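K.L.:
File input_33.txt below, compact mmCIF, C-alpha atoms:
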# COMPACT_ATOMS: atom_id res chain seq x y z
CA MET A 1 72.31 43.14 7.02
CA GLU A 2 68.65 42.17 7.32
CA ASN A 3 67.61 45.25 5.34
CA ARG A 4 70.16 44.44 2.62
CA SER A 5 68.87 40.88 2.31
CA MET A 6 65.31 42.16 1.99
CA VAL A 7 66.34 44.56 -0.76
CA ILE A 8 68.21 41.81 -2.64
CA LEU A 9 65.12 39.58 -2.55
CA LEU A 10 63.05 42.49 -3.73
CA LEU A 11 65.34 43.21 -6.65
CA LEU A 12 65.17 39.60 -7.79
CA ALA A 13 61.43 40.07 -8.32
CA VAL A 14 61.69 43.24 -10.36
CA SER A 15 63.29 44.29 -13.59
CA VAL A 16 65.97 46.88 -14.12
CA ALA A 17 64.70 49.87 -16.06
CA SER A 18 66.11 50.67 -19.47
CA GLY A 19 69.48 52.35 -19.49
CA SER A 20 68.08 55.01 -21.79
CA ALA A 21 65.96 56.48 -18.97
CA ALA A 22 66.70 60.13 -18.36
CA HIS A 23 68.99 60.98 -15.47
CA ASP A 24 67.12 62.61 -12.58
CA PRO A 25 69.40 65.13 -10.81
CA ARG A 26 66.99 65.43 -7.87
CA ILE A 27 67.11 61.69 -7.13
CA ALA A 28 70.89 61.71 -7.57
CA ALA A 29 71.24 64.57 -5.07
CA LEU A 30 69.05 62.77 -2.52
CA CYS A 31 70.97 59.52 -2.88
CA ARG A 32 74.35 61.23 -2.47
CA LEU A 33 73.11 62.50 0.90
CA SER A 34 71.62 59.13 1.90
CA THR A 35 72.98 55.74 2.85
CA ALA A 36 73.20 52.85 0.41
CA TRP A 37 70.10 50.69 -0.23
CA ARG A 38 67.66 53.52 0.46
CA LEU A 39 64.49 53.15 -1.64
CA LEU A 40 62.89 56.19 -3.27
CA PRO A 41 59.59 56.18 -5.21
CA ASP A 42 59.26 57.52 -8.75
CA GLU A 43 56.77 60.38 -8.46
CA ARG A 44 55.93 60.12 -12.18
CA HIS A 45 55.05 56.42 -12.21
CA CYS A 46 53.88 54.33 -9.25
CA GLY A 47 55.34 51.14 -10.75
CA ARG A 48 58.95 52.39 -10.66
CA PHE A 49 61.36 53.17 -7.83
CA TYR A 50 65.04 53.97 -7.20
CA VAL A 51 67.69 52.26 -5.07
CA CYS A 52 70.58 54.38 -3.77
CA THR A 53 73.91 52.71 -4.50
CA GLY A 54 76.24 54.67 -2.21
CA ASP A 55 78.42 55.53 -5.24
CA ALA A 56 79.08 59.25 -5.71
CA GLU A 57 79.25 58.99 -9.52
CA ASP A 58 76.43 56.51 -10.17
CA ALA A 59 74.27 57.43 -7.19
CA TYR A 60 71.15 55.38 -7.93
CA GLN A 61 69.68 52.56 -10.00
CA GLU A 62 66.13 52.61 -11.39
CA PHE A 63 63.87 49.53 -11.13
CA SER A 64 60.35 48.60 -12.24
CA CYS A 65 57.84 46.43 -10.39
CA PRO A 66 56.41 43.32 -12.13
CA LEU A 67 53.24 43.60 -14.19
CA HIS A 68 50.14 44.40 -12.10
CA TYR A 69 52.33 45.51 -9.17
CA ARG A 70 53.07 48.98 -7.84
CA PHE A 71 55.74 50.31 -5.47
CA SER A 72 54.58 51.12 -1.92
CA ALA A 73 56.71 53.91 -0.44
CA GLU A 74 55.21 53.20 2.99
CA GLN A 75 56.19 49.50 3.00
CA GLY A 76 59.26 49.83 0.75
CA ILE A 77 58.25 46.91 -1.50
CA CYS A 78 56.24 46.17 -4.64
CA VAL A 79 52.64 45.30 -3.72
CA PRO A 80 49.80 43.82 -5.83
CA GLY A 81 47.69 46.31 -7.75
CA ALA A 82 48.33 48.24 -10.93
CA CYS A 83 48.64 52.02 -10.88
CA ASN A 84 45.13 52.49 -12.21
CA GLU A 85 43.75 50.20 -9.48
CA VAL A 86 45.05 52.23 -6.55
CA THR A 87 42.09 52.99 -4.32
CA SER A 88 43.64 56.04 -2.67
CA SER A 89 43.60 58.20 -5.81
CA CYS A 90 44.01 61.94 -5.56
CA ASN A 91 44.14 65.14 -7.54
CA VAL A 92 47.55 66.62 -8.40
CA SER A 93 46.35 69.97 -7.04
CA THR A 94 45.63 68.44 -3.62
CA SER A 95 47.95 69.69 -0.88
CA ALA A 96 49.88 67.36 1.40
CA GLU A 97 47.97 65.88 4.32
CA ARG A 98 49.05 64.15 7.51
CA ILE A 99 48.74 60.41 8.13
CA PRO A 100 46.16 60.23 10.97
CA SER A 101 48.05 57.59 12.97
CA ASP A 102 51.47 59.30 12.87
CA CYS A 103 52.12 63.04 13.04
CA THR A 104 55.62 62.61 11.57
CA ARG A 105 54.33 61.15 8.28
CA TYR A 106 52.29 62.71 5.50
CA ARG A 107 51.13 61.92 1.98
CA ARG A 108 50.91 64.02 -1.14
CA CYS A 109 49.64 63.44 -4.65
CA THR A 110 52.10 62.48 -7.38
CA PRO A 111 51.75 63.49 -11.05
CA ALA A 112 50.61 59.89 -11.70
CA GLY A 113 47.53 60.49 -9.54
CA ALA A 114 48.51 58.30 -6.57
CA TYR A 115 49.48 59.20 -3.01
CA SER A 116 53.16 59.15 -2.06
CA VAL A 117 53.86 58.70 1.67
CA ALA A 118 56.86 60.47 3.22
CA ARG A 119 58.25 61.05 6.70
CA CYS A 120 59.49 64.30 8.21
CA VAL A 121 63.14 64.54 9.17
CA SER A 122 64.07 63.63 12.76
CA GLY A 123 63.13 66.47 15.12
CA SER A 124 60.22 67.61 12.94
CA TYR A 125 56.50 66.88 12.69
CA PHE A 126 53.89 67.49 9.98
CA ASP A 127 51.85 70.58 10.79
CA THR A 128 48.28 70.27 9.48
CA GLY A 129 47.79 74.04 9.31
CA ARG A 130 50.93 74.84 7.32
CA ARG A 131 50.88 71.47 5.50
CA ALA A 132 54.63 71.17 5.97
CA CYS A 133 57.27 69.62 8.23
CA LEU A 134 58.09 72.01 11.07
CA PRO A 135 60.55 71.74 14.00
CA VAL A 136 59.23 70.01 17.12
CA ALA A 137 58.92 72.63 19.85
CA VAL A 138 56.93 73.34 22.99
CA THR A 139 54.21 75.06 20.99
CA ALA A 140 50.44 74.77 20.79
CA ALA A 141 50.65 73.80 17.11
CA HIS A 142 52.79 70.74 17.89
CA GLN A 143 50.76 69.71 20.95
CA CYS A 144 47.42 69.95 19.13
CA SER A 145 48.81 68.11 16.10
CA CYS A 146 50.59 65.26 17.91
CA LEU A 147 49.71 65.05 21.60
CA LEU A 148 46.34 66.52 22.60
CA PRO A 149 42.77 65.55 21.63
CA ASP A 150 40.21 67.91 20.10
CA HIS A 151 38.77 70.63 22.38
CA ALA A 152 41.86 70.58 24.63
CA THR A 153 43.19 74.01 25.67
CA VAL A 154 46.80 75.25 25.70
CA ALA A 155 48.15 78.46 27.26
CA ASN A 156 49.64 81.15 25.01
CA PRO A 157 53.11 81.90 26.45
CA SER A 158 53.25 85.33 24.77
CA ASP A 159 49.82 86.63 25.84
CA CYS A 160 47.94 85.59 29.00
CA GLU A 161 44.67 87.12 27.70
CA THR A 162 44.48 84.51 24.91
CA TYR A 163 44.78 80.74 24.66
CA TYR A 164 44.71 77.97 22.05
CA ARG A 165 41.97 75.40 21.53
CA CYS A 166 42.68 72.19 19.60
CA GLU A 167 40.30 71.71 16.66
CA SER A 168 40.88 68.92 14.11
CA GLY A 169 44.59 68.80 14.91
CA GLU A 170 45.08 72.58 14.62
CA ALA A 171 45.71 75.18 17.33
CA VAL A 172 43.05 77.91 17.12
CA LEU A 173 43.72 81.17 18.98
CA VAL A 174 40.89 82.27 21.31
CA GLN A 175 40.53 85.66 23.07
CA CYS A 176 39.42 85.74 26.72
CA PRO A 177 36.58 88.14 27.66
CA ALA A 178 37.60 91.66 28.68
CA GLY A 179 39.23 91.79 32.12
CA GLN A 180 40.00 88.05 32.21
CA TYR A 181 43.09 85.90 31.73
CA PHE A 182 43.64 82.24 30.86
CA GLU A 183 44.42 79.98 33.82
CA SER A 184 46.06 76.76 32.60
CA SER A 185 45.34 74.85 35.83
CA VAL A 186 41.58 75.00 35.17
CA GLY A 187 41.78 75.33 31.38
CA SER A 188 39.56 78.40 31.13
CA CYS A 189 39.48 82.19 31.51
CA LEU A 190 39.16 83.74 34.99
CA PRO A 191 38.69 87.37 36.22
CA ASP A 192 42.07 89.13 36.45
CA THR A 193 41.64 90.57 39.96
CA THR A 194 45.37 90.63 40.81
CA GLY A 195 46.72 92.12 37.57
CA ILE A 196 48.54 88.92 36.60
CA CYS A 197 48.50 89.89 32.92
CA PHE A 198 50.81 92.84 33.62
CA GLU A 199 53.67 90.41 34.25
CA LYS A 200 56.30 90.16 31.53
CA PRO A 201 55.64 87.09 29.34
CA THR A 202 58.26 84.47 28.68
CA PHE A 203 59.04 83.21 25.20
CA PRO A 204 60.38 79.76 24.25
CA PRO A 205 63.89 79.59 22.74
CA PHE A 206 64.27 79.15 18.98
CA LEU A 207 67.88 77.99 18.85
CA THR A 208 67.36 74.98 16.59
CA ASP A 209 65.20 76.55 13.84
CA HIS A 210 68.08 77.15 11.44
CA ALA A 211 69.59 73.69 12.02
CA LEU A 212 66.26 71.96 11.38
CA ALA A 213 65.66 74.12 8.30
CA LEU A 214 69.03 72.99 6.93
CA ASP A 215 68.09 69.35 7.60
CA GLU A 216 64.81 69.91 5.74
CA CYS A 217 66.71 71.33 2.74
CA ILE A 218 69.00 68.29 2.69
CA ARG A 219 66.13 65.82 3.05
CA THR A 220 64.01 67.30 0.26
CA GLY A 221 66.87 68.31 -2.03
CA SER A 222 65.50 71.87 -2.10
CA ARG A 223 67.21 75.17 -1.28
CA LEU A 224 64.04 76.49 0.39
CA ALA A 225 62.36 75.48 3.67
CA PRO A 226 59.22 76.83 5.41
CA HIS A 227 59.49 79.09 8.45
CA SER A 228 58.40 77.42 11.68
CA ARG A 229 56.29 80.30 13.06
CA ASP A 230 55.54 82.79 10.26
CA CYS A 231 53.80 81.66 7.06
CA GLY A 232 54.96 84.84 5.31
CA ARG A 233 58.64 83.96 5.79
CA TYR A 234 60.91 81.13 4.62
CA TYR A 235 64.51 79.93 4.81
CA VAL A 236 67.10 79.78 2.02
CA CYS A 237 69.86 77.17 2.38
CA ALA A 238 73.21 78.03 0.77
CA ASP A 239 76.69 76.67 1.51
CA LYS A 240 75.58 75.08 4.82
CA ARG A 241 74.16 78.44 5.91
CA VAL A 242 70.51 79.37 6.43
CA LEU A 243 69.11 82.79 5.55
CA GLU A 244 65.67 83.99 6.64
CA MET A 245 63.62 85.72 3.91
CA ARG A 246 60.15 87.30 3.69
CA CYS A 247 57.59 86.93 0.89
CA PRO A 248 56.28 90.15 -0.77
CA ARG A 249 53.25 91.81 0.81
CA GLY A 250 50.04 89.92 0.07
CA GLN A 251 51.85 86.61 -0.48
CA TYR A 252 52.63 83.57 1.67
CA PHE A 253 55.19 80.79 1.40
CA ASP A 254 53.64 77.68 -0.15
CA ALA A 255 55.33 74.95 1.88
CA VAL A 256 54.27 72.21 -0.55
CA HIS A 257 55.52 73.77 -3.81
CA HIS A 258 58.31 75.85 -2.16
CA TYR A 259 57.57 79.32 -3.55
CA CYS A 260 55.77 82.54 -2.56
CA ALA A 261 52.17 82.56 -3.80
CA LEU A 262 49.35 85.11 -3.74
CA ASP A 263 47.37 84.80 -0.51
CA LEU A 264 44.00 84.67 -2.28
CA ALA A 265 42.43 82.46 0.41
CA SER A 266 43.88 84.55 3.29
CA GLU A 267 45.81 81.51 4.55
CA CYS A 268 48.43 83.74 6.16
CA GLN A 269 45.99 86.04 7.97
CA ARG A 270 46.14 84.56 11.44
CA PRO A 271 44.22 85.95 14.43
CA GLU A 272 47.37 86.32 16.53
CA ASP A 273 48.82 88.65 13.89
CA ASP A 274 45.79 90.96 14.17
CA LEU A 275 46.03 90.95 17.96
CA SER A 276 49.74 91.71 17.80
CA GLU A 277 49.18 94.65 15.40
CA ALA A 278 46.47 96.09 17.66
CA LYS A 279 48.72 95.89 20.71
CA THR A 280 51.62 97.45 18.79
CA LEU A 281 49.38 100.37 17.74
CA GLU A 282 48.25 100.85 21.35
CA VAL A 283 51.85 100.90 22.61
CA THR A 284 52.83 103.39 19.86
CA GLU A 285 50.00 105.77 20.79
CA THR A 286 50.92 105.53 24.48
CA ALA A 287 54.56 106.29 23.70
CA ALA A 288 53.57 109.30 21.56
CA ILE A 289 51.54 110.76 24.44
CA ALA A 290 54.42 110.18 26.85
CA LYS A 291 56.82 112.11 24.57
CA LYS A 292 54.80 115.37 24.73
CA PRO A 293 56.85 118.00 26.62
CA PRO A 294 55.40 119.00 30.02
CA PRO A 295 54.17 122.61 30.51
CA PRO A 296 56.83 125.03 31.83
CA PRO A 297 56.81 125.81 35.58
CA GLU A 298 54.93 128.92 36.71
CA ARG A 299 58.13 130.59 37.94
CA GLU A 300 59.72 130.31 34.48
CA VAL A 301 56.68 131.91 32.83
CA VAL A 302 56.75 134.89 35.18
CA ALA A 303 60.51 135.33 34.79
CA ASN A 304 60.26 135.38 30.99
CA TYR A 305 57.40 137.87 31.07
CA ASP A 306 59.48 140.17 33.30
CA LYS A 307 62.03 140.59 30.49
CA PHE A 308 59.47 142.49 28.40
CA SER A 309 57.72 144.47 31.16
CA SER A 310 59.20 146.47 34.00
CA LYS A 311 55.89 146.26 35.85
CA PHE A 312 56.58 142.62 36.89
CA VAL A 313 59.47 141.22 38.82
CA SER A 314 60.64 137.66 39.34
CA PHE A 315 59.98 135.99 42.69
Step by step, read the file and then write its structure as structure tokens.

P.N.:
Amino acid sequence: MENRSMVILLLLAVSVASGSAAHDPRIAALCRLSTAWRLLPDERHCGRFYVCTGDAEDAYQEFSCPLHYRFSAEQGICVPGACNEVTSSCNVSTSAERIPSDCTRYRRCTPAGAYSVARCVSGSYFDTGRRACLPVAVTAAHQCSCLLPDHATVANPSDCETYYRCESGEAVLVQCPAGQYFESSVGSCLPDTTGICFEKPTFPPFLTDHALALDECIRTGSRLAPHSRDCGRYYVCADKRVLEMRCPRGQYFDAVHHYCALDLASECQRPEDDLSEAKTLEVTETAAIAKKPPPPPEREVVANYDKFSSKFVSF
């Protein structure tokens, strides 16, 4: 009730936009999936915003802030300052970036040249490396982005010879020196004198990836969502189902614009991928050597030779 009263007071201070404004199907789709009185910013003009009505047919109403005011998506109200006076200006080509004080919120540049602040869906956080909302999980990426300070170290659950180091909110993969493994209790690499790295690694479960991807599709009004662990893959949402797809070779999924783009800056070439390929090649070569047939026993050789010469007999 308090929120509704605040919205009513807000609407008394603004003007209803002209009824001739073009219908925005994206805003309508978002409002049909949201509760009534939700406020959405107009990405084309910082002085306008939308209020969800809760009506399936007329899903939203467009409003304009008073003169010399702009709509603040972070505060949900009109604040002093015209659009051309916004201090936090940006370039439309700028990718989304995380709000430093909250790893669940991020801002991105609107076509009007101002930042629009948004929040990830519940159960997700904004990953600074992928520049997208990803599912919260017990991963180094989430810990470095939301929990740990710079220079902290995190064990790699899939490879004890490597570990992650937090740098500027990102998890950077680091290789231990030859013959050493990462010991999480001391936060550094130690000599592997007991062969601990030969133990089978354990992997975290990924049971909620598809559910969180579907939530991301609903929240953004898009049919595409970024993959949580592979920048070359993405999810397609269709009829409450989630399908996992892969971008063509040499491309990565742009989590901001929601399409596969050429990987000109090698954004998808991660060190762990190279390490994984090297280990796969080593295992393949080892398996090929193991498949070579062993030499025949000496008795079999003598017996076969006896078939062609009467001078030798089998023992």

K.L.:
For A:His68, please output as an MDAnalysis selection string all residues within 7 Å (counting all atoms listed in the file; exclusion window: fewer than 2 positions along the same chain).

P.N.:
chainID A and resid 66 70 80:82

K.L.:
Give the answer as one residue: which of A:Ala28, A:Cys197, A:Leu212, A:Ala56 has the shortest atom-to-atom distance to A:Ala178, using all atoms listed in the file?

P.N.:
A:Cys197

K.L.:
Smallest atom-to-atom distance to A:Ala29: which of A:Gly54, A:Gly187, A:Pro41, A:Gly221, using only C-alpha atoms?

P.N.:
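Among A:Gly54, A:Gly187, A:Pro41, A:Gly221, it is A:Gly221 that comes nearest to A:Ala29.
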
K.L.:
Compare A:Ile196, A:Asp127, A:Tyr163, A:Leu148 by their minimum atom-to-atom distance to A:Arg229, counting all atoms listed in the file, and give me the closest one.

P.N.:
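Distance minimum relative to A:Arg229 lands on A:Asp127.
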
K.L.:
Got a sec: who's within 7 Å of stretch 232-237 of chain A, counting all atoms listed in the file, leaving out chain neighbours fewer than 2 positions off, as a list of chain:residue names?

P.N.:
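After dropping sequence-adjacent residues, the list is A:Ala213, A:Leu214, A:Cys217, A:Arg223, A:Leu224, A:Ala225, A:Pro226, A:His227, A:Asp230, A:Asp239, A:Lys240, A:Arg241, A:Val242, A:Leu243, A:Glu244, A:Met245, A:Arg246, A:Cys247, A:Gln251, A:Tyr252, A:Phe253, A:Cys268.
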
K.L.:
Could you work out how far atom CA of A:Gln143 lies from atom CA of A:Gln75, giving the answer in Å with one decimal?

P.N.:
27.6 Å

K.L.:
Could you tell me how far atom CA of A:Ala171 lies from atom CA of A:Asp192, in Å and to one decimal?

P.N.:
23.9 Å

K.L.:
Restricting the calculation to only C-alpha atoms: of A:His23, A:His45, A:Arg108, A:Arg98, which residue gets closest to A:Gln61?

P.N.:
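Smallest distance to A:Gln61 is found for A:His23.
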
K.L.:
Can you pull out every residue within 6 Å of A:Gly47, counting only C-alpha atoms, but drop anything in the same chain fewer than 4 positions away, and send it as a PyMOL selection string?

P.N.:
chain A and resi 64-65+70-71

K.L.:
Write the residues of the preceding selection, restricted to C-alpha atoms, as a PDB file, in the frame of the given file.

P.N.:
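Now in selection.pdb:
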ATOM      1  CA  SER A  64      60.350  48.600 -12.240  1.00  0.00           C
ATOM      2  CA  CYS A  65      57.840  46.430 -10.390  1.00  0.00           C
ATOM      3  CA  ARG A  70      53.070  48.980  -7.840  1.00  0.00           C
ATOM      4  CA  PHE A  71      55.740  50.310  -5.470  1.00  0.00           C
TER       5      PHE A  71
END

K.L.:
Any idea what the distance is between atom CA of A:Thr104 and atom CA of A:Gly123?

P.N.:
9.2 Å

K.L.:
Counting all atoms listed in the file, which of A:Arg130, A:Asp254, A:Arg249, A:Arg219 gets nearest to A:Arg26?

P.N.:
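Closest to A:Arg26, using all atoms listed in the file: A:Arg219.
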
K.L.:
For each of A:Leu134, A:Cys176, A:Val117, A:Cys103, take the minimum atom-to-atom distance to A:Asp42, counting only C-alpha atoms, then give the residue where this is smallest.

P.N.:
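Checking each of A:Leu134, A:Cys176, A:Val117, A:Cys103 against A:Asp42, counting only C-alpha atoms, the winner is A:Val117.
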
K.L.:
Near A:Tyr60, counting all atoms listed in the file, which residues have an atom at most 8 Å away, once you skip same-chain residues fewer than 6 positions from it, shown as number ranges by chain?

P.N.:
A: 27-28, 31, 50-54

K.L.:
At a cut-off of 7 Å from (49.3, 64.1, 14.8) in the coordinates of the file, what residues are picked up using all atoms listed in the file, written as a PDB file with C-alpha atoms, in the coordinates of the input?

P.N.:
ATOM      1  CA  PRO A 100      46.160  60.230  10.970  1.00  0.00           C
ATOM      2  CA  SER A 101      48.050  57.590  12.970  1.00  0.00           C
ATOM      3  CA  ASP A 102      51.470  59.300  12.870  1.00  0.00           C
ATOM      4  CA  CYS A 103      52.120  63.040  13.040  1.00  0.00           C
ATOM      5  CA  SER A 145      48.810  68.110  16.100  1.00  0.00           C
ATOM      6  CA  CYS A 146      50.590  65.260  17.910  1.00  0.00           C
ATOM      7  CA  LEU A 147      49.710  65.050  21.600  1.00  0.00           C
ATOM      8  CA  GLY A 169      44.590  68.800  14.910  1.00  0.00           C
TER       9      GLY A 169
END

K.L.:
Residues at most 9 Å from A:Asn156, counting all atoms listed in the file, excluding those fewer than 4 positions away in the same chain, as JSON, numbers by chain?

P.N.:
{"A": [139, 140, 160, 161, 162, 163, 164, 173, 182]}

K.L.:
Taking all atoms of stretch 115-133 of chain A that the file lists and extending 4 Å past them on each side, where is the centre of the axis-aligned box and how long are its edges? Answer in Å to one decimal, as JSON.

P.N.:
{"center_x": 55.9, "center_y": 66.8, "center_z": 6.1, "size_x": 24.3, "size_y": 24.1, "size_z": 26.1}
